[in-house]
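Trainee: For reference, the structure I am asking about is given below.
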Amino acid sequence: MSIWDLPAPDLAVLLYQMVETGTGNAAYYADILYAITVLAVTAPPGPPFSAAAFLQRLDPRWLEAAWASHPDQAAQVRAAARHIGDIQLRYSTLLGRLGPALDGPGTLDEADAWYFTLEGTREPSVAEAQALALTELAARAATTPHGPQRAILLAADDYSAVSRRVPLSNLYERGRSLGIGVQVSAQTWQGLGADEDERYRIAGTADGGVWVMHTPYPEPLAMPWPGPAGCWRPRTSSSAMRGGMRAPPGSSTTGPPTRT
């Protein structure tokens, strides 16, 4: 499987997303990281064809030579020159940890089914980067104009391993817009998202889907009424008892919410 077949703009965004950056003062570094990544991927010779080719481009001399006839981009290279070595080191470390799995030949449309094992327990940051890449590859396979259109199901087991940087709600929303079916599992309701807001957003974006759960406390899904997963209040007949007395004929009562 290779990420280097992606169009240059999509490849630049993916590579940037795969490197974890901070907030606050670190946002300055994130801007430089993104700018240099775009310059390296979209350079006039064309996008890189492998991890080694990409790393070779993260050099001030190579970038200045590649953009020599483009004054604005060349000025950006000179302005960020002292940071390029650090950026090259970060990408070298990340791509080295990813190994050859996303650096080889092959595309998703070459087989009817693919099975990927991510390093979610041993290397969480690597698993998150792999999940980002696979999501982008699935999106490309769903939108390619070449060949017959195929129904795609993206299934992820134990999603908690990558939910921190690959929000499931985003995956649902993107899958719906691209026509990709999404099926995920986690050991707990909490494992589906980083916080309660994200988990309720998941339930909202999964509208029309099916939830299968076995839990001693279903309230997070069933409440508040009508809860995110959908629930209904059963109506009882007029023979119900109210405070020890039979309800008036023709009346009905509402029971506690029941999940559907």
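Labeling convention for the structure tokens: chains A, B, ... as they appear, residues from 1 per chain, ligands from 1 in order of appearance.
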Env of A:Arg97: 8 Å cut, atoms = only C-alpha atoms, seq-sep filter 3 positions within chain, self excluded. Answer as a list of chain:residue names.
Mentor: A:Thr93, A:Leu94, A:Val126
Trainee: Would you mind exporting N, CA, C and O atoms of the selected residues as a PDB file, in the first residue's frame?
Mentor:
```
ATOM      1  N   THR A  93      11.788  10.330  11.571  1.00  0.00           N
ATOM      2  CA  THR A  93      11.417   9.481  12.712  1.00  0.00           C
ATOM      3  C   THR A  93      10.052   8.852  12.501  1.00  0.00           C
ATOM      4  O   THR A  93       9.864   7.642  12.696  1.00  0.00           O
ATOM      5  N   LEU A  94       9.075   9.650  12.083  1.00  0.00           N
ATOM      6  CA  LEU A  94       7.713   9.140  11.883  1.00  0.00           C
ATOM      7  C   LEU A  94       7.671   8.081  10.786  1.00  0.00           C
ATOM      8  O   LEU A  94       7.130   6.983  10.993  1.00  0.00           O
ATOM      9  N   VAL A 126       1.844   5.917  16.233  1.00  0.00           N
ATOM     10  CA  VAL A 126       2.014   5.295  14.924  1.00  0.00           C
ATOM     11  C   VAL A 126       0.666   4.802  14.402  1.00  0.00           C
ATOM     12  O   VAL A 126       0.333   4.979  13.226  1.00  0.00           O
TER      13      VAL A 126
END
```
Trainee: Could you name the residues that touch stretch 28-41 of chain A at 10 Å or less, counting only C-alpha atoms, but leaving out those on the same chain fewer than 2 positions away, as a PyMOL selection string?
Mentor: chain A and resi 4+7-17+19-26+43-49+53-60+62-64+66-67+73-74+76-77+79-81+83-84+86-88+90-91
Trainee: Would you list the contacts of A:Gln183 as a ChimeraX atom specification, taking every protein, DNA or RNA residue within 7 Å and counting only C-alpha atoms, but skipping same-chain residues closer than 3 positions in sequence?
Mentor: /A:154-156
Trainee: Just to be explicit: take each residue in the selection above, keep N, CA and C atoms, and write the result as a PDB file, in the first residue's frame.
Mentor:
```pdb
ATOM      1  N   LEU A 154     -15.771   0.400   5.534  1.00  0.00           N
ATOM      2  CA  LEU A 154     -14.575   0.601   6.344  1.00  0.00           C
ATOM      3  C   LEU A 154     -14.888   0.145   7.768  1.00  0.00           C
ATOM      4  N   ALA A 155     -14.316  -0.971   8.170  1.00  0.00           N
ATOM      5  CA  ALA A 155     -14.586  -1.556   9.487  1.00  0.00           C
ATOM      6  C   ALA A 155     -13.352  -1.399  10.371  1.00  0.00           C
ATOM      7  N   ALA A 156     -13.540  -0.926  11.588  1.00  0.00           N
ATOM      8  CA  ALA A 156     -12.430  -0.716  12.520  1.00  0.00           C
ATOM      9  C   ALA A 156     -12.772  -1.341  13.860  1.00  0.00           C
TER      10      ALA A 156
END
```
Trainee: What is the distance, in Å and to one decimal place, between atom CA of A:Ser50 and atom CA of A:Arg78?
Mentor: 25.0 Å
Trainee: To one decimal in Å, tell me the separation between atom CA of A:Gln187 and atom CA of A:Ala129.
Mentor: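 Interatomic distance, atom CA of A:Gln187 to atom CA of A:Ala129: 21.5 Å.
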